[in-house]
file structure39.csv (CSV, C-alpha atoms)
chain,number,residue,atom,x,y,z
A,1,MET,CA,32.3,42.9,-44.1
A,2,LYS,CA,35.7,44.0,-42.9
A,3,ASN,CA,36.2,40.6,-41.1
A,4,LEU,CA,35.7,38.5,-44.3
A,5,LYS,CA,39.4,38.8,-45.2
A,6,TYR,CA,40.3,36.9,-42.0
A,7,LEU,CA,38.0,34.1,-43.2
A,8,PHE,CA,40.1,33.8,-46.3
A,9,VAL,CA,43.4,33.9,-44.4
A,10,GLY,CA,42.0,31.2,-42.2
A,11,MET,CA,41.1,29.1,-45.2
A,12,PHE,CA,44.6,29.4,-46.4
A,13,PHE,CA,45.9,28.3,-43.0
A,14,GLY,CA,43.4,25.4,-42.9
A,15,ILE,CA,44.5,24.2,-46.3
A,16,ILE,CA,48.2,24.2,-45.2
A,17,PHE,CA,47.3,22.3,-42.0
A,18,ILE,CA,45.7,19.5,-44.1
A,19,LYS,CA,48.0,19.5,-47.1
A,20,ALA,CA,51.2,19.4,-45.1
A,21,GLU,CA,49.5,16.9,-42.7
A,22,ILE,CA,50.3,19.1,-39.7
A,23,ALA,CA,46.8,18.5,-38.5
A,24,SER,CA,47.5,14.8,-38.4
A,25,TRP,CA,47.5,12.9,-35.2
A,26,PHE,CA,50.1,10.6,-36.7
A,27,ARG,CA,52.5,13.5,-37.5
A,28,ILE,CA,52.3,14.7,-33.8
A,29,GLN,CA,53.2,11.2,-32.5
A,30,GLU,CA,56.0,11.0,-35.0
A,31,MET,CA,57.4,14.3,-33.8
A,32,PHE,CA,57.2,13.4,-30.1
A,33,GLN,CA,58.8,10.0,-30.8
A,34,LEU,CA,61.6,11.8,-32.5
A,35,GLN,CA,61.2,9.7,-35.6
A,36,SER,CA,60.9,12.4,-38.2
A,37,PHE,CA,62.3,15.8,-38.8
A,38,PHE,CA,59.1,16.9,-40.6
A,39,MET,CA,57.3,18.8,-37.9
A,40,TYR,CA,60.5,20.3,-36.6
A,41,GLY,CA,61.2,21.5,-40.1
A,42,VAL,CA,57.8,23.1,-40.4
A,43,ILE,CA,57.9,24.8,-37.0
A,44,CYS,CA,61.5,26.1,-37.4
A,45,THR,CA,60.9,27.4,-40.9
A,46,ALA,CA,57.7,29.1,-39.8
A,47,ILE,CA,59.5,30.8,-36.9
A,48,VAL,CA,62.4,32.0,-39.1
A,49,VAL,CA,60.1,33.4,-41.7
A,50,ALA,CA,57.8,35.1,-39.1
A,51,THR,CA,60.8,36.5,-37.2
A,52,VAL,CA,62.4,38.0,-40.3
A,53,SER,CA,59.0,39.5,-41.3
A,54,VAL,CA,58.4,41.0,-37.9
A,55,TRP,CA,61.9,42.4,-37.9
A,56,LEU,CA,61.4,44.0,-41.3
A,57,ILE,CA,58.0,45.5,-40.3
A,58,LYS,CA,59.7,47.1,-37.2
A,59,LYS,CA,62.8,48.2,-39.0
A,60,TYR,CA,61.0,49.9,-41.8
A,61,ASN,CA,58.0,51.0,-39.7
A,62,ILE,CA,55.7,49.4,-42.2
A,63,LYS,CA,52.0,50.3,-41.9
A,64,THR,CA,48.9,48.2,-42.5
A,65,ILE,CA,47.2,48.5,-45.9
A,66,SER,CA,44.8,51.0,-44.4
A,67,GLY,CA,47.7,53.1,-43.1
A,68,GLU,CA,47.4,52.1,-39.5
A,69,THR,CA,50.6,51.7,-37.4
A,70,ILE,CA,51.4,48.1,-36.6
A,71,THR,CA,51.8,47.6,-32.8
A,72,PHE,CA,53.5,44.9,-30.8
A,73,GLU,CA,52.8,43.9,-27.2
A,74,ASP,CA,55.2,42.3,-24.8
A,75,LYS,CA,54.1,39.1,-23.2
A,76,LYS,CA,54.4,39.1,-19.4
A,77,PHE,CA,56.0,36.1,-17.8
A,78,SER,CA,54.0,34.1,-15.3
A,79,LYS,CA,54.3,30.6,-14.0
A,80,GLY,CA,51.2,29.9,-16.1
A,81,GLN,CA,53.5,29.6,-19.1
A,82,ILE,CA,55.1,26.7,-17.3
A,83,TYR,CA,52.1,24.9,-15.7
A,84,GLY,CA,49.7,25.7,-18.5
A,85,GLY,CA,52.4,25.0,-21.1
A,86,LEU,CA,53.0,21.5,-19.7
A,87,ILE,CA,49.2,20.8,-19.5
A,88,PHE,CA,48.7,22.1,-23.0
A,89,GLY,CA,51.6,20.0,-24.4
A,90,MET,CA,50.2,16.9,-22.9
A,91,GLY,CA,46.8,17.6,-24.4
A,92,TRP,CA,48.5,18.4,-27.8
A,93,ALA,CA,50.0,14.9,-28.0
A,94,ILE,CA,46.8,13.1,-26.8
A,95,THR,CA,44.5,14.9,-29.3
A,96,GLY,CA,47.1,15.2,-32.0
A,97,ALA,CA,46.0,18.8,-32.4
A,98,CYS,CA,46.7,22.3,-31.1
A,99,PRO,CA,43.7,24.6,-31.3
A,100,GLY,CA,44.2,25.5,-35.0
A,101,PRO,CA,44.3,22.0,-36.3
A,102,LEU,CA,41.3,21.1,-34.2
A,103,PHE,CA,39.2,23.3,-36.6
A,104,ALA,CA,40.9,21.8,-39.6
A,105,GLN,CA,40.3,18.3,-38.5
A,106,ILE,CA,36.6,19.0,-38.1
A,107,GLY,CA,36.5,20.5,-41.5
A,108,SER,CA,38.3,17.5,-43.0
A,109,GLY,CA,35.4,15.3,-41.9
A,110,PHE,CA,36.3,14.2,-38.4
A,111,VAL,CA,33.1,15.6,-36.9
A,112,VAL,CA,33.8,13.7,-33.7
A,113,VAL,CA,36.7,16.2,-33.0
A,114,GLY,CA,33.8,18.7,-32.4
A,115,ILE,CA,33.6,17.0,-29.0
A,116,THR,CA,37.3,17.7,-28.4
A,117,LEU,CA,36.7,21.3,-29.4
A,118,LEU,CA,33.7,21.6,-27.0
A,119,SER,CA,35.9,20.1,-24.3
A,120,ALA,CA,38.6,22.6,-25.1
A,121,ILE,CA,36.1,25.5,-24.8
A,122,PHE,CA,35.0,24.1,-21.5
A,123,GLY,CA,38.6,23.9,-20.4
A,124,THR,CA,39.1,27.5,-21.3
A,125,TRP,CA,36.0,28.4,-19.3
A,126,ILE,CA,37.2,26.5,-16.3
A,127,TYR,CA,40.5,28.3,-16.4
A,128,GLY,CA,38.5,31.6,-16.4
A,129,TYR,CA,36.4,30.5,-13.5
A,130,PHE,CA,39.4,29.5,-11.3
A,131,GLN,CA,41.9,32.0,-12.6
A,132,ASN,CA,42.4,33.8,-9.3
A,133,LYS,CA,42.9,30.5,-7.4
A,134,LEU,CA,45.6,29.1,-9.7
A,135,PRO,CA,49.3,29.8,-9.2
A,136,HIS,CA,50.7,32.4,-11.6
B,1,MET,CA,49.6,22.8,-61.2
B,2,ILE,CA,46.7,21.3,-59.4
B,3,GLU,CA,48.5,17.9,-59.4
B,4,ILE,CA,51.5,19.5,-57.6
B,5,ILE,CA,49.2,21.0,-55.0
B,6,LYS,CA,47.5,17.7,-54.4
B,7,GLN,CA,50.7,16.0,-53.3
B,8,PRO,CA,51.6,16.2,-49.6
B,9,TRP,CA,53.5,19.4,-49.1
B,10,HIS,CA,57.2,19.6,-48.2
B,11,TRP,CA,58.0,21.0,-44.7
B,12,LEU,CA,59.9,23.9,-46.2
B,13,VAL,CA,56.8,25.0,-48.2
B,14,ALA,CA,54.4,24.5,-45.3
B,15,GLY,CA,56.7,26.3,-42.8
B,16,THR,CA,57.3,29.2,-45.1
B,17,LEU,CA,53.6,29.7,-45.8
B,18,ILE,CA,52.7,29.4,-42.1
B,19,GLY,CA,55.4,31.9,-41.3
B,20,LEU,CA,54.0,34.3,-43.9
B,21,ILE,CA,50.6,34.3,-42.1
B,22,VAL,CA,52.2,36.4,-39.4
B,23,PRO,CA,53.0,39.4,-41.6
B,24,LEU,CA,49.8,38.9,-43.6
B,25,LEU,CA,47.6,39.4,-40.5
B,26,LEU,CA,49.7,42.3,-39.4
B,27,LEU,CA,49.6,44.0,-42.8
B,28,ILE,CA,45.9,43.6,-43.4
B,29,GLY,CA,44.7,44.7,-40.0
B,30,ASN,CA,47.3,44.8,-37.3
B,31,LYS,CA,46.2,41.4,-36.0
B,32,LYS,CA,48.5,39.1,-34.0
B,33,LEU,CA,48.4,35.4,-35.0
B,34,GLY,CA,46.8,33.4,-32.2
B,35,ILE,CA,44.2,30.8,-32.2
B,36,SER,CA,43.5,29.7,-28.7
B,37,SER,CA,42.2,33.1,-27.8
B,38,SER,CA,39.2,32.4,-30.1
B,39,LEU,CA,38.1,29.9,-27.5
B,40,ARG,CA,38.1,32.6,-24.8
B,41,HIS,CA,36.1,34.9,-27.1
B,42,LEU,CA,33.5,32.1,-27.5
B,43,CYS,CA,33.2,31.7,-23.8
B,44,ALA,CA,33.0,35.5,-23.4
B,45,ILE,CA,30.2,35.6,-25.9
B,46,CYS,CA,28.2,32.6,-24.9
B,47,ILE,CA,28.8,31.9,-21.2
B,48,PRO,CA,30.4,34.9,-19.5
B,49,ARG,CA,28.5,34.3,-16.2
B,50,LYS,CA,30.0,37.6,-14.8
B,51,ILE,CA,33.5,36.0,-14.6
B,52,PRO,CA,36.0,38.8,-14.7
B,53,PHE,CA,38.2,36.9,-17.2
B,54,PHE,CA,35.4,37.0,-19.7
B,55,GLN,CA,34.5,40.6,-19.3
B,56,TYR,CA,36.1,42.5,-22.1
B,57,GLU,CA,35.3,44.0,-25.4
B,58,TRP,CA,35.0,40.8,-27.4
B,59,GLU,CA,33.3,42.7,-30.1
B,60,LYS,CA,36.7,43.9,-31.2
B,61,GLU,CA,38.0,40.3,-31.4
B,62,ILE,CA,35.3,38.9,-33.8
B,63,TRP,CA,37.9,38.7,-36.5
B,64,SER,CA,39.4,35.7,-34.7
B,65,LEU,CA,36.1,33.8,-35.0
B,66,PHE,CA,36.1,34.5,-38.8
B,67,PHE,CA,39.7,33.3,-38.8
B,68,VAL,CA,39.0,29.9,-37.1
B,69,THR,CA,35.9,29.4,-39.2
B,70,GLY,CA,38.1,29.9,-42.2
B,71,ILE,CA,40.5,27.2,-40.9
B,72,LEU,CA,37.5,24.8,-40.7
B,73,LEU,CA,36.5,25.6,-44.2
B,74,GLY,CA,40.1,25.3,-45.4
B,75,GLY,CA,40.2,21.8,-43.9
B,76,PHE,CA,37.0,21.0,-45.8
B,77,VAL,CA,38.3,22.4,-49.1
B,78,ALA,CA,41.7,20.7,-48.8
B,79,THR,CA,40.1,17.3,-48.1
B,80,GLN,CA,37.4,17.5,-50.7
B,81,PHE,CA,39.2,19.0,-53.6
B,82,LEU,CA,42.9,18.8,-53.0
B,83,SER,CA,43.4,15.5,-51.4
B,84,ASP,CA,46.0,12.9,-52.2
B,85,PRO,CA,44.6,9.3,-52.5
B,86,ASN,CA,47.7,7.7,-51.0
B,87,ASN,CA,48.2,6.9,-47.3
B,88,ILE,CA,49.6,9.6,-45.1
B,89,VAL,CA,53.4,9.7,-44.9
B,90,VAL,CA,54.5,8.6,-41.5
B,91,SER,CA,57.9,7.2,-40.6
B,92,GLU,CA,58.0,3.4,-40.5
B,93,ALA,CA,59.3,3.4,-36.8
B,94,THR,CA,56.2,5.4,-35.8
B,95,LYS,CA,53.9,3.0,-37.7
B,96,THR,CA,55.5,0.1,-35.9
B,97,THR,CA,54.9,1.7,-32.5
B,98,LEU,CA,51.3,2.6,-33.3
B,99,ALA,CA,50.6,-0.8,-34.7
B,100,GLY,CA,51.5,-2.1,-31.2
B,101,TYR,CA,48.6,0.0,-29.9
B,102,GLY,CA,46.3,-1.5,-32.5
B,103,ILE,CA,46.4,1.5,-34.8
B,104,THR,CA,47.0,0.1,-38.3
B,105,ASP,CA,44.9,2.3,-40.6
B,106,PHE,CA,47.0,5.1,-42.1
B,107,SER,CA,44.6,6.0,-44.9
B,108,GLN,CA,43.4,9.3,-43.4
B,109,ILE,CA,44.9,12.3,-41.6
B,110,MET,CA,43.5,10.9,-38.3
B,111,PRO,CA,43.5,7.3,-37.1
B,112,VAL,CA,39.9,6.2,-38.0
B,113,GLN,CA,40.2,3.4,-35.4
B,114,LEU,CA,40.4,6.0,-32.7
B,115,PHE,CA,38.6,9.2,-33.8
B,116,THR,CA,35.2,7.8,-34.4
B,117,PHE,CA,31.8,8.3,-32.9
B,118,ASP,CA,31.9,4.6,-31.8
B,119,ASN,CA,34.4,5.6,-29.2
B,120,LEU,CA,32.4,8.6,-27.9
B,121,PHE,CA,30.9,6.9,-24.9
B,122,ASN,CA,33.8,4.6,-23.9
B,123,LEU,CA,37.1,5.2,-22.1
B,124,LYS,CA,38.9,5.9,-25.4
B,125,GLY,CA,36.5,8.8,-26.1
B,126,LEU,CA,36.9,10.0,-22.5
B,127,VAL,CA,40.7,10.2,-22.8
B,128,PHE,CA,41.2,11.2,-26.4
B,129,PHE,CA,38.3,13.7,-26.9
B,130,VAL,CA,37.2,14.9,-23.5
B,131,LEU,CA,40.4,14.8,-21.4
B,132,GLY,CA,42.7,15.7,-24.3
B,133,GLY,CA,40.5,18.6,-25.4
B,134,PHE,CA,40.1,19.9,-21.9
B,135,MET,CA,43.9,19.9,-21.4
B,136,VAL,CA,44.3,21.8,-24.7
B,137,GLY,CA,41.8,24.5,-23.8
B,138,PHE,CA,42.7,24.8,-20.1
B,139,GLY,CA,46.5,24.6,-20.7
B,140,SER,CA,46.6,27.1,-23.6
B,141,ARG,CA,44.6,29.7,-21.7
B,142,TYR,CA,46.7,29.1,-18.5
B,143,ALA,CA,49.8,29.6,-20.6
B,144,ALA,CA,48.1,32.6,-22.3
B,145,GLY,CA,48.7,31.2,-25.7
B,146,CYS,CA,49.2,28.1,-27.8
B,147,THR,CA,51.6,27.0,-30.6
B,148,SER,CA,50.5,29.8,-32.8
B,149,GLY,CA,50.4,32.7,-30.3
B,150,HIS,CA,53.6,31.7,-28.4
B,151,SER,CA,55.7,29.4,-30.6
B,152,ILE,CA,55.3,31.4,-33.8
B,153,MET,CA,54.0,34.9,-33.1
B,154,GLY,CA,55.6,35.3,-29.6
B,155,ILE,CA,59.0,33.9,-30.6
B,156,ALA,CA,59.0,36.0,-33.8
B,157,ASN,CA,58.4,39.0,-31.6
B,158,LEU,CA,61.4,37.9,-29.4
B,159,GLN,CA,59.3,37.3,-26.3
B,160,TRP,CA,61.2,35.1,-23.9
B,161,PRO,CA,58.0,34.0,-22.0
B,162,SER,CA,56.9,32.5,-25.3
B,163,LEU,CA,60.1,30.6,-25.6
B,164,ILE,CA,59.6,29.2,-22.1
B,165,ALA,CA,56.0,28.3,-23.0
B,166,THR,CA,57.1,26.5,-26.1
B,167,CYS,CA,59.7,24.5,-24.2
B,168,CYS,CA,57.0,23.4,-21.8
B,169,PHE,CA,54.6,22.5,-24.7
B,170,MET,CA,57.3,20.2,-26.0
B,171,ILE,CA,58.1,18.7,-22.6
B,172,GLY,CA,54.4,18.0,-22.1
B,173,GLY,CA,54.1,16.5,-25.6
B,174,PHE,CA,57.1,14.2,-25.1
B,175,PHE,CA,55.7,13.0,-21.8
B,176,SER,CA,52.2,12.2,-23.2
B,177,THR,CA,53.5,10.4,-26.3
B,178,ASN,CA,56.1,8.4,-24.6
B,179,VAL,CA,54.7,7.8,-21.1
B,180,LEU,CA,50.9,8.5,-21.0
B,181,LEU,CA,49.8,7.1,-24.3
B,182,PRO,CA,51.5,3.7,-23.9
B,183,LEU,CA,49.8,3.5,-20.5
B,184,PHE,CA,46.4,4.5,-21.9
B,185,PHE,CA,46.6,2.0,-24.7
B,186,LYS,CA,47.5,-0.7,-22.2
B,187,LEU,CA,44.5,0.1,-19.9
B,188,ILE,CA,41.8,1.0,-22.3

call {"tool": "encode", "arguments": {"input": "structure39.csv", "output": "structure tokens"}}
result
Amino acid sequence: MKNLKYLFVGMFFGIIFIKAEIASWFRIQEMFQLQSFFMYGVICTAIVVATVSVWLIKKYNIKTISGETITFEDKKFSKGQIYGGLIFGMGWAITGACPGPLFAQIGSGFVVVGITLLSAIFGTWIYGYFQNKLPH
Amino acid sequence: MIEIIKQPWHWLVAGTLIGLIVPLLLLIGNKKLGISSSLRHLCAICIPRKIPFFQYEWEKEIWSLFFVTGILLGGFVATQFLSDPNNIVVSEATKTTLAGYGITDFSQIMPVQLFTFDNLFNLKGLVFFVLGGFMVGFGSRYAAGCTSGHSIMGIANLQWPSLIATCCFMIGGFFSTNVLLPLFFKLI
């Protein structure tokens, strides 16, 4: 199973979400109440580490372990990033979770978050259904 | 060693490890970090209904479902085997604000007084599970990415649309926590 390795990377991610309490609703409130540096520290560190990594991969033209060329795509700007971004941000603070932590919260025993996840899937579907009618 | 792992992790450790997931995914299979797209793949697999947005080769994206399943399992492993018995670390100021909303139990990663099946069929459930979840799913797809795909992967790849999206995520979050939530807790 060539996809199994992604399961293990996901597990690693899930453990970080719980152990650093990033998947915590409390931490999200604390961040948006500007009462702790913690989440800002996590996000900024992650961005710095990821940016340096991507830069190194590009500079030295590093290949994947199977010798494939690593490709990067540019993201196109649309007003969706503004409207959608604002809606997502509001949902993030209400649920205390962006999509990754949703899965970690369910795994940690908050089965009721499964309802939040189903609702998020439904929201994704509604976006797909109305995509052409929404301003972009 | 296991005792060190069981303590809550420092932000520098957590941030570094999360940042390293980006090169890890690139190196093992040329995959771009992004989680909300897994929700799109689930729609494309289960309920495509001939909607153009869900017509694509999702077979190539199955890795992402393995990835999110892993996150769920990781959440389970961390809680069952690596958990710290103490209350979650939250600033005193935040605790005071939340106590004003009736949230006083800080024993777990989520407020047990809010995220429980008892609230499933009342207004709290409607707001915190149904409405909140809908906004996360709808908003992230509308923005074409979430915190992982835009704020980490996108910014790391120097994409300015991702920076704009991230600023909007933050503005939305500040608005919810400081304007909407106090209102919700007053009404419901």

call {"tool": "closest_residue", "arguments": {"input": "structure39.csv", "among": "A:Phe8, A:Tyr83, A:Tyr40, A:Tyr60", "to": "Ser151 in chain B", "atoms": "only C-alpha atoms"}}
result
A:Tyr40

call {"tool": "residues_near_point", "arguments": {"input": "structure39.csv", "point": "(37.3, 17.0, -26.8)", "cutoff": "10 Å", "atoms": "only C-alpha atoms", "output": "ChimeraX atom specification"}}
result
/A:91,95,102,112-123 /B:120,125-137

call {"tool": "closest_residue", "arguments": {"input": "structure39.csv", "among": "B:Ser64, B:Trp160, B:Gln80, B:Phe138", "to": "chain A", "atoms": "all atoms listed in the file"}}
result
B:Phe138

call {"tool": "atom_distance", "arguments": {"input": "structure39.csv", "atom1": "CA of Ile15 in chain A", "atom2": "CA of Gly139 in chain B"}}
result
25.7 Å

call {"tool": "atom_distance", "arguments": {"input": "structure39.csv", "atom1": "CA of Gly15 in chain B", "atom2": "CA of Phe169 in chain B"}}
result
18.6 Å

call {"tool": "atom_distance", "arguments": {"input": "structure39.csv", "atom1": "CA of Ser176 in chain B", "atom2": "CA of Gln105 in chain A"}}
result
20.3 Å

call {"tool": "decode", "arguments": {"input": "structure39.csv", "residues": "range 66-79 of chain A", "atoms": "N, CA, C and O atoms", "output": "PDB file, in the first residue's frame"}}
result
ATOM      1  N   SER A  66      11.626   8.562  -4.378  1.00  0.00           N
ATOM      2  CA  SER A  66      11.575   7.664  -5.538  1.00  0.00           C
ATOM      3  C   SER A  66      12.131   8.336  -6.798  1.00  0.00           C
ATOM      4  O   SER A  66      11.978   7.808  -7.901  1.00  0.00           O
ATOM      5  N   GLY A  67      12.749   9.511  -6.629  1.00  0.00           N
ATOM      6  CA  GLY A  67      13.427  10.161  -7.747  1.00  0.00           C
ATOM      7  C   GLY A  67      12.563  11.083  -8.589  1.00  0.00           C
ATOM      8  O   GLY A  67      12.998  11.617  -9.613  1.00  0.00           O
ATOM      9  N   GLU A  68      11.329  11.283  -8.140  1.00  0.00           N
ATOM     10  CA  GLU A  68      10.399  12.156  -8.864  1.00  0.00           C
ATOM     11  C   GLU A  68      10.783  13.630  -8.625  1.00  0.00           C
ATOM     12  O   GLU A  68      11.258  13.983  -7.540  1.00  0.00           O
ATOM     13  N   THR A  69      10.547  14.483  -9.617  1.00  0.00           N
ATOM     14  CA  THR A  69      10.788  15.912  -9.427  1.00  0.00           C
ATOM     15  C   THR A  69       9.680  16.493  -8.558  1.00  0.00           C
ATOM     16  O   THR A  69       8.511  16.168  -8.742  1.00  0.00           O
ATOM     17  N   ILE A  70      10.071  17.338  -7.611  1.00  0.00           N
ATOM     18  CA  ILE A  70       9.065  17.971  -6.751  1.00  0.00           C
ATOM     19  C   ILE A  70       8.543  19.227  -7.444  1.00  0.00           C
ATOM     20  O   ILE A  70       9.320  20.066  -7.896  1.00  0.00           O
ATOM     21  N   THR A  71       7.238  19.303  -7.563  1.00  0.00           N
ATOM     22  CA  THR A  71       6.640  20.422  -8.300  1.00  0.00           C
ATOM     23  C   THR A  71       5.882  21.338  -7.346  1.00  0.00           C
ATOM     24  O   THR A  71       5.411  20.908  -6.293  1.00  0.00           O
ATOM     25  N   PHE A  72       5.783  22.612  -7.730  1.00  0.00           N
ATOM     26  CA  PHE A  72       5.010  23.567  -6.935  1.00  0.00           C
ATOM     27  C   PHE A  72       4.033  24.281  -7.845  1.00  0.00           C
ATOM     28  O   PHE A  72       4.366  24.585  -8.993  1.00  0.00           O
ATOM     29  N   GLU A  73       2.835  24.496  -7.346  1.00  0.00           N
ATOM     30  CA  GLU A  73       1.859  25.225  -8.152  1.00  0.00           C
ATOM     31  C   GLU A  73       1.590  26.585  -7.526  1.00  0.00           C
ATOM     32  O   GLU A  73       1.600  26.722  -6.308  1.00  0.00           O
ATOM     33  N   ASP A  74       1.347  27.564  -8.400  1.00  0.00           N
ATOM     34  CA  ASP A  74       0.984  28.880  -7.892  1.00  0.00           C
ATOM     35  C   ASP A  74      -0.498  28.905  -7.568  1.00  0.00           C
ATOM     36  O   ASP A  74      -1.293  28.292  -8.264  1.00  0.00           O
ATOM     37  N   LYS A  75      -0.839  29.615  -6.508  1.00  0.00           N
ATOM     38  CA  LYS A  75      -2.256  29.761  -6.154  1.00  0.00           C
ATOM     39  C   LYS A  75      -2.782  31.010  -6.836  1.00  0.00           C
ATOM     40  O   LYS A  75      -2.142  32.057  -6.806  1.00  0.00           O
ATOM     41  N   LYS A  76      -3.937  30.846  -7.481  1.00  0.00           N
ATOM     42  CA  LYS A  76      -4.522  32.009  -8.161  1.00  0.00           C
ATOM     43  C   LYS A  76      -5.346  32.814  -7.180  1.00  0.00           C
ATOM     44  O   LYS A  76      -6.076  32.245  -6.372  1.00  0.00           O
ATOM     45  N   PHE A  77      -5.228  34.125  -7.280  1.00  0.00           N
ATOM     46  CA  PHE A  77      -6.024  34.953  -6.378  1.00  0.00           C
ATOM     47  C   PHE A  77      -7.470  35.035  -6.861  1.00  0.00           C
ATOM     48  O   PHE A  77      -7.715  35.161  -8.058  1.00  0.00           O
ATOM     49  N   SER A  78      -8.394  34.932  -5.936  1.00  0.00           N
ATOM     50  CA  SER A  78      -9.788  35.243  -6.248  1.00  0.00           C
ATOM     51  C   SER A  78     -10.371  35.889  -4.999  1.00  0.00           C
ATOM     52  O   SER A  78      -9.805  35.758  -3.908  1.00  0.00           O
ATOM     53  N   LYS A  79     -11.507  36.548  -5.163  1.00  0.00           N
ATOM     54  CA  LYS A  79     -12.135  37.172  -3.982  1.00  0.00           C
ATOM     55  C   LYS A  79     -12.582  36.101  -2.991  1.00  0.00           C
ATOM     56  O   LYS A  79     -12.900  36.405  -1.849  1.00  0.00           O
TER      57      LYS A  79
END
